[in-house]
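Participant: Quick one: structure below, then a few questions.
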Amino acid sequence: MPLISPTDWYCHHTELFRDLESPKSQTRGGNIRPSLTLLFAALLAVPAWTGDGERVEDFALTGVDGKKHTLYEHKEAKAVVLVFLGTECPMSARYPARLAEFHKANAGRGVVLYGVNSSAHETAETVSKHARDNGFPFPVLLDPDQTVADRLRVSTIPCAVVIDSAWTVRYRGRIDDNKNEQLVKH
């Protein structure tokens with residue numbers, strides 16, 4: 001059996017994950033994973049709040065604009081948020097407007113947002129067109145060999161990783177609490 005990336009597996013097997021967001025699971029106390037916005041607020045409000053605490057070493061990725069971006073170039077940022085997306089993933093397709101809104105609301109507050117595409121099967125041209133077509137107001141980076149995705153233990157998309165000013169992972173997981181924008185609570 002050929003090896004496929006976690007990204008491709010997730011996008012083609014989303015039905016396995018539907019129960020996590022089903023109305024039935026929400027009636028049993030709701031989805032316990034807070035949204036990216038809520039996590040960011042907690043990160044700013046409570047300096048001692050911790051996620052998994054993994055320290056992230058610097059990395060460099062090229063954006064679809066051809067520019068090189070590094071994590072540590074954002075020394076003044078309160079947080080760097082990496083959102084791993086795919087151009088053909090139906091779950092990722094639900095988030096462009098929400099991510100643009102998040103970027104607009106938080107860019108002036110010291111939060112850097114990057115989209116990251118870690119698929120070896122999607123060309124730079126395809127990712128660039130996807131970013132333009134979706135009007136992403138933030139840089140989209142290419143990680144075709146999945147070096148950064150592997151280092152940050154990203155195994156599904158979409159996935160958000162919040163890194164604080166000490167280069168520590170404070171959150172890794174879902175972007176918000178519901179794939180349906182009308183049902184998002186946080």
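Simple scheme: letters A, B, ... for chains in structure tokens order, numbers from 1 for residues in each chain, numbers from 1 for ligands in the order shown.
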Which residues come within 6 Å of segment 162-167 of chain A, counting only C-alpha atoms, excluding same-chain residues fewer than 3 positions away, as a list in words?
Facilitator: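 Selected residues are Arg55, Val56, Lys78, Ala79, Val80, Val81, Arg170 and Tyr171 of chain A.
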Participant: Ranking A:Val127, A:Asn134, A:Ala93, A:Phe84 by minimum distance to Ser155 of chain A and counting only C-alpha atoms, which one comes first?
Facilitator: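 Distance minimum relative to Ser155 of chain A lands on A:Phe84.
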